[in-house]
Every structure is written in structure tokens, then in C-alpha cells.
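Data block for protein33.txt (compact mmCIF, C-alpha atoms):
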```
# COMPACT_ATOMS: atom_id res chain seq x y z
CA LEU A 176 5.42 -6.42 19.99
CA ARG A 177 5.25 -9.85 18.41
CA GLY A 178 2.31 -8.67 16.31
CA ARG A 179 4.22 -5.61 15.09
CA TYR A 180 7.20 -7.81 14.23
CA HIS A 181 5.06 -10.00 11.97
CA TRP A 182 3.26 -6.95 10.57
CA ASN A 183 6.48 -5.29 9.47
CA THR A 184 7.33 -8.20 7.16
CA PHE A 185 4.53 -6.77 4.99
CA THR A 186 3.55 -10.14 3.58
CA GLU A 187 0.14 -11.81 3.59
CA GLU A 188 1.54 -14.50 5.92
CA GLY A 189 2.96 -11.83 8.23
CA PHE A 190 -0.37 -9.99 8.31
CA ALA A 191 -2.19 -13.19 9.27
CA LYS A 192 0.25 -13.91 12.11
CA ALA A 193 0.05 -10.31 13.29
CA VAL A 194 -3.73 -10.24 13.55
CA VAL A 195 -3.66 -13.45 15.59
CA CYS A 196 -1.28 -11.73 18.02
CA TYR A 197 -3.51 -8.67 18.21
CA HIS A 198 -6.55 -10.77 19.08
CA GLN A 199 -4.53 -12.66 21.69
CA ALA A 200 -3.54 -9.34 23.24
CA ILE A 201 -7.18 -8.22 23.36
CA ALA A 202 -8.17 -11.50 24.99
CA VAL A 203 -5.72 -10.70 27.79
CA ASP A 204 -6.64 -7.00 27.95
CA PRO A 205 -9.90 -5.99 26.22
CA HIS A 206 -8.93 -2.33 26.61
CA TYR A 207 -5.61 -2.57 24.77
CA ALA A 208 -6.04 0.24 22.23
CA ALA A 209 -2.86 -0.48 20.24
CA ALA A 210 -4.13 -3.96 19.37
CA TYR A 211 -7.37 -2.54 17.96
CA ALA A 212 -5.31 -0.05 15.93
CA GLY A 213 -3.30 -2.98 14.57
CA ILE A 214 -6.48 -4.82 13.57
CA ALA A 215 -7.66 -1.68 11.74
CA GLU A 216 -4.40 -1.56 9.78
CA TYR A 217 -4.78 -5.24 8.95
CA TYR A 218 -8.22 -4.78 7.41
CA ASN A 219 -7.20 -1.62 5.57
CA TRP A 220 -4.39 -3.43 3.76
CA LEU A 221 -6.47 -6.53 3.03
CA GLY A 222 -8.89 -4.24 1.22
CA ILE A 223 -6.14 -2.37 -0.64
CA PHE A 224 -4.54 -5.61 -1.82
CA GLY A 225 -7.90 -7.10 -2.79
CA VAL A 226 -7.60 -10.12 -0.51
CA LEU A 227 -11.19 -9.56 0.68
CA PRO A 228 -13.94 -7.24 -0.64
CA HIS A 229 -12.97 -3.63 -0.04
CA SER A 230 -16.33 -2.63 1.44
CA ASP A 231 -16.14 -5.37 4.07
CA CYS A 232 -12.53 -4.57 4.96
CA SER A 233 -13.01 -0.82 5.19
CA ALA A 234 -16.03 -1.22 7.46
CA ALA A 235 -14.14 -3.59 9.77
CA ALA A 236 -11.11 -1.28 9.80
CA TYR A 237 -13.24 1.74 10.74
CA GLU A 238 -14.95 -0.15 13.57
CA ALA A 239 -11.64 -1.33 15.04
CA ALA A 240 -10.04 2.13 14.73
CA ALA A 241 -13.03 3.88 16.31
CA THR A 242 -12.88 1.41 19.19
CA ALA A 243 -9.18 2.15 19.64
CA VAL A 244 -9.80 5.91 19.78
CA SER A 245 -12.59 5.47 22.32
CA ILE A 246 -10.24 3.48 24.58
CA ASP A 247 -7.20 5.77 24.39
CA PRO A 248 -7.82 9.12 22.66
CA VAL A 249 -4.30 10.42 23.31
CA MET A 250 -2.38 7.60 21.58
CA ALA A 251 -0.87 8.52 18.22
CA GLU A 252 -1.37 5.06 16.75
CA VAL A 253 -5.14 5.06 17.21
CA HIS A 254 -5.64 8.39 15.41
CA GLY A 255 -3.35 7.18 12.63
CA ALA A 256 -5.45 4.04 12.28
CA LEU A 257 -8.68 6.05 12.20
CA GLY A 258 -7.25 8.40 9.59
CA GLN A 259 -6.35 5.39 7.43
CA ALA A 260 -9.81 3.91 7.89
CA ILE A 261 -11.59 7.15 6.94
CA LEU A 262 -9.37 7.51 3.90
CA CYS A 263 -10.00 3.95 2.73
CA ARG A 264 -13.71 3.81 3.54
CA ASP A 265 -14.97 7.32 2.82
CA PHE A 266 -12.22 9.20 0.93
CA ASP A 267 -13.17 12.10 3.16
CA TRP A 268 -10.06 14.25 2.81
CA GLU A 269 -10.87 16.69 5.60
CA ARG A 270 -11.75 14.15 8.29
CA ALA A 271 -8.88 11.83 7.38
CA GLU A 272 -6.41 14.73 7.46
CA GLN A 273 -7.66 15.82 10.88
CA GLN A 274 -7.01 12.38 12.32
CA LEU A 275 -3.60 11.96 10.68
CA LEU A 276 -2.42 15.40 11.78
CA ARG A 277 -3.63 14.64 15.30
CA SER A 278 -1.55 11.47 15.23
CA ILE A 279 1.51 13.41 14.08
CA GLU A 280 0.87 16.06 16.73
CA LEU A 281 0.80 13.40 19.46
CA ASN A 282 3.96 11.72 18.15
CA PRO A 283 5.91 13.55 15.42
CA ASN A 284 8.20 10.52 15.12
CA TYR A 285 5.42 8.04 14.30
CA SER A 286 6.41 7.07 10.76
CA ALA A 287 3.20 5.24 9.82
CA ALA A 288 1.07 8.37 10.26
CA ARG A 289 3.45 10.25 7.97
CA VAL A 290 3.15 7.45 5.41
CA TRP A 291 -0.63 7.59 5.32
CA TYR A 292 -0.67 11.37 5.27
CA ALA A 293 1.70 11.24 2.31
CA PHE A 294 -0.63 8.76 0.55
CA GLN A 295 -3.57 11.11 1.08
CA LEU A 296 -1.67 14.15 -0.14
CA ALA A 297 -0.65 12.24 -3.26
CA MET A 298 -4.27 11.29 -3.95
CA GLU A 299 -5.26 14.94 -3.66
CA GLY A 300 -2.52 16.03 -6.03
CA ARG A 301 -0.60 17.93 -3.33
CA PHE A 302 2.69 16.55 -4.56
CA ALA A 303 5.21 18.85 -2.87
CA GLU A 304 3.59 18.13 0.49
CA CYS A 305 3.32 14.41 -0.13
CA LEU A 306 7.01 14.14 -1.00
CA ARG A 307 7.90 16.08 2.15
CA GLU A 308 5.94 13.65 4.33
CA ALA A 309 7.29 10.61 2.48
CA ARG A 310 10.86 11.79 3.03
CA ILE A 311 10.23 12.37 6.73
CA ALA A 312 8.67 8.91 7.05
CA ARG A 313 11.68 7.36 5.34
CA GLU A 314 14.12 9.25 7.58
CA LEU A 315 12.22 8.16 10.69
CA ASP A 316 12.10 4.49 9.68
CA PRO A 317 14.61 3.91 6.87
CA LEU A 318 14.47 0.10 6.97
CA ALA A 319 10.69 -0.27 6.94
CA ILE A 320 9.13 -1.79 3.84
CA LEU A 321 6.17 0.57 4.16
CA SER A 322 8.27 3.75 4.19
CA GLY A 323 10.06 2.56 1.05
CA LEU A 324 6.77 1.76 -0.66
CA CYS A 325 5.53 5.23 0.28
CA MET A 326 8.60 6.97 -1.11
CA GLY A 327 8.36 5.07 -4.39
CA PHE A 328 4.59 5.59 -4.69
CA CYS A 329 4.67 9.31 -3.94
CA THR A 330 7.55 9.99 -6.30
CA TYR A 331 5.68 8.11 -9.02
CA GLN A 332 2.46 9.98 -8.31
CA SER A 333 4.30 13.29 -8.59
CA ARG A 334 5.18 12.16 -12.14
CA SER A 335 8.91 12.07 -11.44
CA PHE A 336 9.19 8.65 -13.05
CA ALA A 337 12.97 8.58 -13.49
CA ASP A 338 13.48 9.63 -9.86
CA ALA A 339 10.99 7.02 -8.67
CA LEU A 340 12.81 4.30 -10.59
CA ALA A 341 16.19 5.49 -9.29
CA PHE A 342 14.87 5.24 -5.72
CA CYS A 343 13.58 1.71 -6.29
CA GLU A 344 16.81 0.59 -7.93
CA SER A 345 19.07 2.03 -5.23
CA THR A 346 16.92 0.54 -2.46
CA LEU A 347 16.78 -2.87 -4.12
CA LYS A 348 20.58 -3.06 -4.07
CA GLY A 349 20.40 -3.29 -0.29
CA GLU A 350 17.02 -5.07 -0.16
CA PRO A 351 17.06 -7.54 -3.08
CA HIS A 352 14.07 -9.46 -1.71
CA ASN A 353 11.80 -6.42 -1.34
CA ALA A 354 8.92 -7.66 -3.49
CA LEU A 355 6.90 -4.47 -3.20
CA LEU A 356 9.68 -2.40 -4.75
CA PHE A 357 9.88 -4.82 -7.68
CA PHE A 358 6.14 -4.27 -8.00
CA CYS A 359 6.49 -0.46 -7.75
CA SER A 360 9.35 -0.21 -10.21
CA SER A 361 7.21 -1.82 -12.90
CA PHE A 362 4.96 1.26 -12.90
CA ASP A 363 7.97 3.52 -13.45
CA LEU A 364 9.39 1.38 -16.25
CA SER A 365 6.06 1.44 -18.09
CA GLN A 366 5.93 5.23 -17.92
CA LEU A 367 9.50 5.47 -19.19
CA GLY A 368 8.63 3.30 -22.19
CA ARG A 369 10.78 0.37 -21.04
CA HIS A 370 7.94 -2.08 -21.49
CA GLN A 371 9.84 -5.37 -21.67
CA GLU A 372 11.54 -4.54 -18.35
CA ALA A 373 8.22 -3.41 -16.86
CA ILE A 374 6.58 -6.73 -17.71
CA ALA A 375 9.58 -8.62 -16.34
CA ARG A 376 9.39 -6.70 -13.03
CA ALA A 377 5.64 -7.19 -12.79
CA THR A 378 6.11 -10.89 -13.49
CA GLN A 379 8.70 -11.04 -10.69
CA GLY A 380 6.23 -9.29 -8.42
CA VAL A 381 3.61 -11.96 -9.07
CA GLY A 382 6.18 -14.67 -8.40
CA MET A 383 7.38 -13.11 -5.14
CA ILE A 384 4.08 -11.82 -3.73
CA GLY A 385 1.65 -14.31 -5.28
CA LYS A 386 -1.33 -14.23 -7.61
CA ALA A 387 -3.23 -11.41 -5.98
CA SER A 388 -5.52 -8.84 -7.58
CA HIS A 389 -3.00 -6.02 -7.27
CA THR A 390 -0.06 -8.02 -8.66
CA LEU A 391 -1.96 -9.53 -11.57
CA GLY A 392 -3.65 -6.20 -12.21
CA ARG A 393 -0.25 -4.49 -12.46
CA LEU A 394 0.96 -7.16 -14.84
CA GLY A 395 -2.12 -6.68 -16.99
CA CYS A 396 -1.53 -2.93 -17.07
CA ALA A 397 2.10 -3.48 -18.06
CA PHE A 398 0.97 -5.59 -21.02
CA ALA A 399 -1.64 -2.99 -21.98
CA ALA A 400 0.89 -0.16 -21.80
CA ALA A 401 3.24 -2.10 -24.08
CA GLY A 402 0.51 -2.26 -26.72
CA ASP A 403 2.27 -5.07 -28.53
CA PRO A 404 1.34 -8.72 -27.91
CA ALA A 405 4.78 -9.78 -29.14
CA VAL A 406 6.36 -8.20 -26.06
CA VAL A 407 4.69 -10.87 -23.93
CA ASP A 408 6.75 -13.62 -25.51
CA LEU A 409 10.04 -11.78 -24.93
CA VAL A 410 9.75 -12.12 -21.15
CA PRO A 411 10.31 -15.60 -19.64
CA GLY A 412 7.21 -16.80 -17.82
CA ALA A 413 5.09 -13.83 -18.81
CA ARG A 414 2.68 -15.84 -20.96
CA LEU A 415 1.88 -18.12 -18.02
CA ARG A 416 1.30 -15.09 -15.80
CA LEU A 417 -1.00 -13.53 -18.39
CA ASP A 418 -3.06 -16.72 -18.38
CA GLY A 419 -3.29 -16.29 -14.60
CA ILE A 420 -4.89 -12.88 -15.05
CA ALA A 421 -7.70 -14.38 -17.09
CA GLU A 422 -8.25 -17.01 -14.41
CA GLN A 423 -8.25 -14.43 -11.61
CA GLN A 424 -10.86 -12.33 -13.42
CA ARG A 425 -13.34 -15.18 -13.09
CA HIS A 426 -13.15 -14.99 -9.29
CA SER A 427 -12.74 -11.33 -8.40
CA GLU A 428 -13.92 -7.87 -9.37
CA PRO A 429 -12.38 -6.48 -12.57
CA LEU A 430 -8.65 -6.28 -12.17
CA SER A 431 -8.44 -2.97 -13.97
CA ALA A 432 -10.43 -1.42 -11.11
CA VAL A 433 -8.51 -3.20 -8.35
CA ALA A 434 -5.17 -2.20 -9.83
CA GLY A 435 -6.31 1.36 -10.30
CA CYS A 436 -6.06 1.44 -14.07
CA ASP A 437 -8.61 1.67 -16.83
CA ARG A 438 -8.66 1.16 -20.56
CA SER A 439 -8.21 4.88 -21.20
CA SER A 440 -4.95 5.18 -19.22
CA ALA A 441 -3.32 1.77 -19.15
CA GLY A 442 0.12 3.31 -18.84
CA ASP A 443 -0.89 5.47 -15.88
CA PRO A 444 -2.58 3.02 -13.53
CA LEU A 445 -2.45 4.91 -10.26
CA HIS A 446 -5.51 7.13 -10.37
CA GLN A 447 -6.78 9.86 -8.13
CA HIS A 448 -10.19 9.76 -6.52
```

Target encoding C-alpha cells, full file:
Amino acid sequence: LRGRYHWNTFTEEGFAKAVVCYHQAIAVDPHYAAAYAGIAEYYNWLGIFGVLPHSDCSAAAYEAAATAVSIDPVMAEVHGALGQAILCRDFDWERAEQQLLRSIELNPNYSAARVWYAFQLAMEGRFAECLREARIARELDPLAILSGLCMGFCTYQSRSFADALAFCESTLKGEPHNALLFFCSSFDLSQLGRHQEAIARATQGVGMIGKASHTLGRLGCAFAAAGDPAVVDLVPGARLRLDGIAEQQRHSEPLSAVAGCDRSSAGDPLHQH
């Protein structure tokens, strides 16, 4: 429970504290399947956020999730974790969907499985289904940072940019420190042509979350979508953040790839595999 508490802060510090708790739980009970599922989630998100190399994280996540399933094959959380791991490591739609649907079958109220199923459906372009699952996840766990991120992401992916921004704005009124929604709303603002605001939101995201590959990558995409170097100087602090992107590029894989954008679609950085 302590591990899940730290996990649900959805910060890098919270993730680190959570994984320590999971390992402590395994030390007490080596057959504690839920702790292995938590470790799998931890590695999945480290890979997504570019904290560690994706290939290393996805392999570790799969190993932990497979261990969890072998220990307790009728627990919803373990199948959800394995579905996540398959999605992140292999992008095998069929196998990932089987695991996520099994998780939902075992516990229809398990919000995290709905979230990951919604992410997969969005990647496949099954937008009506992804929005259905995102809404259910949000209804099941309306205060969770992850369910809010999912709702914003899926609405954006369905190309309903104004609706996605409206969701972020309304949620931020009650959750003004939700850094991930500041991050998400920058995508929407870029698509709506509100580039100065998009850069400002992305800059806030870097300040709140930190100089990570996904935050600096989003900021770089916001600048690219603006297409006008003068816009950079209209946003306080943006020039310093842009310098940070160049520094980050020296130490990590290309940020355009990590952020999911490329030179041909700088304004539409969330791609499908």
C-alpha cells in the first residue's frame, strides 16, 4: 500500500520510493505477485519517459510482469502489467489486448487496465473505443493523475484538439499542480495554432517535471510547430529551456524520437506505430 501511495504521485521521486517499497515487500514475501506487477509498471514508465534506455526498461518490465503472472494467474493487476509490458516491448497488439482484456475480465473496476487498453486502442487508431475506455477509467478513478493523462491523451489522439484542451483546462482548475496536464495541454495548443501559449505550457512542464527527454522533446516540438524563432523570445524563460534541449541531445537519443515527433510532422508529435 505504501508503494502504491508513492506510485500514484506520478513523479520520478514517487516512482523511486515506490520501487523501494515493492522490493521490500518481495524481501518479506518472495511470492507477492502485486509487488512484481508494480515493478513492471515502474520499468514501463521509466522507458516511456526516457529516464533509462527503452530496450533495457521494456525487458525488465516484461520479466517482472511474467513473474507476477506465474505467481498469481488470477490477479487482475498482473495481467494488466503483462499487457503493458507486451505493448511497450513488442507492440504486439493481439497479445497485449488479450492480457489487458483478461485483466478487465478479472476486475472490471481496475482503472489502470482500462488506461492501458485505451492507450493501445489510440495507437491502433480505434478512437471511439479508446475514448470509451478512457472515460470508464476516469469514472472509476477520477482523482488519479494517470486517468487524467489518459483522457487528455486519447482525446488528443482522436484529433479532437479543442475538446482535449477543454478537458485539461477544466481539470487544472481543480488540480493546479498537475504537471502532466500542463505538458499535455501544450500538444493541444500547438495543434490549435496557439503557439506562444503552447511554448509557455511546455516551458512550465519542464520547470515542474524537470529536464527529461519527454519534456524537453515536447518543448522542442512546440518551437518547431511555431515555425518562427521570434516566438521563442516572447515566452519568459523559453530561451533558457531551448538551450537545455541542445544540452540534453548530447547525452540521450534524439529527442524527436523520444518525444514521438519528427521533422515531417512537428505539429503532430504523437505518432502511431

Pick from A:Ala375, A:Leu364, A:Cys359, A:Ile384 nearest to A:Ala400, counting all atoms listed in the file: A:Leu364

Selection near stretch 320-324 of chain A, 8 Å with all atoms listed in the file, sequence-local residues under 2 positions removed, as a CSV table (one decimal) with C-alpha atoms, in the frame of the given file:
```csv
chain,number,residue,atom,x,y,z
A,183,ASN,CA,6.5,-5.3,9.5
A,184,THR,CA,7.3,-8.2,7.2
A,185,PHE,CA,4.5,-6.8,5.0
A,286,SER,CA,6.4,7.1,10.8
A,287,ALA,CA,3.2,5.2,9.8
A,290,VAL,CA,3.2,7.4,5.4
A,309,ALA,CA,7.3,10.6,2.5
A,312,ALA,CA,8.7,8.9,7.0
A,313,ARG,CA,11.7,7.4,5.3
A,316,ASP,CA,12.1,4.5,9.7
A,317,PRO,CA,14.6,3.9,6.9
A,318,LEU,CA,14.5,0.1,7.0
A,326,MET,CA,8.6,7.0,-1.1
A,327,GLY,CA,8.4,5.1,-4.4
A,328,PHE,CA,4.6,5.6,-4.7
A,346,THR,CA,16.9,0.5,-2.5
A,353,ASN,CA,11.8,-6.4,-1.3
A,355,LEU,CA,6.9,-4.5,-3.2
A,356,LEU,CA,9.7,-2.4,-4.8
A,359,CYS,CA,6.5,-0.5,-7.8
```

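Nearest residue to A:Ala337, choosing from A:Tyr211, A:Phe362, A:Tyr218, A:Phe294 and counting all atoms listed in the file: A:Phe362.
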
Counting all atoms listed in the file, which residues come within 10 Å of (-3.8, 11.2, 5.0), with the point read in the file's coordinates, and could you list them as a PDB file with C-alpha atoms, in the frame of the given file?
```pdb
ATOM      1  CA  GLY A 255      -3.350   7.180  12.630  1.00  0.00           C
ATOM      2  CA  GLY A 258      -7.250   8.400   9.590  1.00  0.00           C
ATOM      3  CA  GLN A 259      -6.350   5.390   7.430  1.00  0.00           C
ATOM      4  CA  ALA A 260      -9.810   3.910   7.890  1.00  0.00           C
ATOM      5  CA  ILE A 261     -11.590   7.150   6.940  1.00  0.00           C
ATOM      6  CA  LEU A 262      -9.370   7.510   3.900  1.00  0.00           C
ATOM      7  CA  CYS A 263     -10.000   3.950   2.730  1.00  0.00           C
ATOM      8  CA  PHE A 266     -12.220   9.200   0.930  1.00  0.00           C
ATOM      9  CA  ASP A 267     -13.170  12.100   3.160  1.00  0.00           C
ATOM     10  CA  TRP A 268     -10.060  14.250   2.810  1.00  0.00           C
ATOM     11  CA  GLU A 269     -10.870  16.690   5.600  1.00  0.00           C
ATOM     12  CA  ARG A 270     -11.750  14.150   8.290  1.00  0.00           C
ATOM     13  CA  ALA A 271      -8.880  11.830   7.380  1.00  0.00           C
ATOM     14  CA  GLU A 272      -6.410  14.730   7.460  1.00  0.00           C
ATOM     15  CA  GLN A 273      -7.660  15.820  10.880  1.00  0.00           C
ATOM     16  CA  GLN A 274      -7.010  12.380  12.320  1.00  0.00           C
ATOM     17  CA  LEU A 275      -3.600  11.960  10.680  1.00  0.00           C
ATOM     18  CA  LEU A 276      -2.420  15.400  11.780  1.00  0.00           C
ATOM     19  CA  ALA A 288       1.070   8.370  10.260  1.00  0.00           C
ATOM     20  CA  ARG A 289       3.450  10.250   7.970  1.00  0.00           C
ATOM     21  CA  VAL A 290       3.150   7.450   5.410  1.00  0.00           C
ATOM     22  CA  TRP A 291      -0.630   7.590   5.320  1.00  0.00           C
ATOM     23  CA  TYR A 292      -0.670  11.370   5.270  1.00  0.00           C
ATOM     24  CA  ALA A 293       1.700  11.240   2.310  1.00  0.00           C
ATOM     25  CA  PHE A 294      -0.630   8.760   0.550  1.00  0.00           C
ATOM     26  CA  GLN A 295      -3.570  11.110   1.080  1.00  0.00           C
ATOM     27  CA  LEU A 296      -1.670  14.150  -0.140  1.00  0.00           C
ATOM     28  CA  ALA A 297      -0.650  12.240  -3.260  1.00  0.00           C
ATOM     29  CA  MET A 298      -4.270  11.290  -3.950  1.00  0.00           C
ATOM     30  CA  GLU A 299      -5.260  14.940  -3.660  1.00  0.00           C
ATOM     31  CA  CYS A 305       3.320  14.410  -0.130  1.00  0.00           C
TER      32      CYS A 305
END
```

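You can rank A:Ser233, A:Ser333, A:Asn282, A:Thr242 by their closest distance to A:Ile201 using all atoms listed in the file, and at the top of that list sits A:Thr242.
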
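Candidate residues A:Glu314, A:Glu216, A:Glu187, A:Asp247 were compared for distance to A:Cys232, and the nearest is A:Glu216, using only C-alpha atoms.
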
Could you work out an axis-aligned bounding box for all listed atoms of stretch 252-260 of chain A, with 6 Å added on each of the six sides, and give its centre and edge lengths in Å to one decimal, as JSON?
```
{"center_x": -5.6, "center_y": 6.2, "center_z": 12.3, "size_x": 20.4, "size_y": 16.5, "size_z": 21.8}
```

Nearest to A:Phe357 among A:Thr330, A:Thr390, A:Ser278, A:Gln371, with distances taken over all atoms listed in the file: which residue is it? A:Thr390

Please, what distance in Å, to one decimal, runs between atom CA of A:Ser335 and atom CA of A:Glu372?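 Atom CA of A:Glu372 lies 18.2 Å from atom CA of A:Ser335.
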
Computed interatomic separation between atom CA of A:Gly225 and atom CA of A:Leu367 (Å): 27.0 Å

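A straight line drawn from atom CA of A:Lys192 to atom CA of A:Ala210 is 13.1 Å long.
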
With 8 Å as the threshold, what does the neighbourhood of (6.2, 7.6, -17.7) contain in terms of residues, counting only C-alpha atoms? Coordinates are those of the file; answer as a short mmCIF file (atom, residue, chain, number, x, y, z; two decimals) with C-alpha atoms, keeping the file's coordinate frame.
```cif
data_model
loop_
_atom_site.label_atom_id
_atom_site.label_comp_id
_atom_site.auth_asym_id
_atom_site.auth_seq_id
_atom_site.Cartn_x
_atom_site.Cartn_y
_atom_site.Cartn_z
CA ARG A 334 5.18 12.16 -12.14
CA PHE A 336 9.19 8.65 -13.05
CA ASP A 363 7.97 3.52 -13.45
CA LEU A 364 9.39 1.38 -16.25
CA SER A 365 6.06 1.44 -18.09
CA GLN A 366 5.93 5.23 -17.92
CA LEU A 367 9.50 5.47 -19.19
CA GLY A 368 8.63 3.30 -22.19
CA GLY A 442 0.12 3.31 -18.84
CA ASP A 443 -0.89 5.47 -15.88
#
```
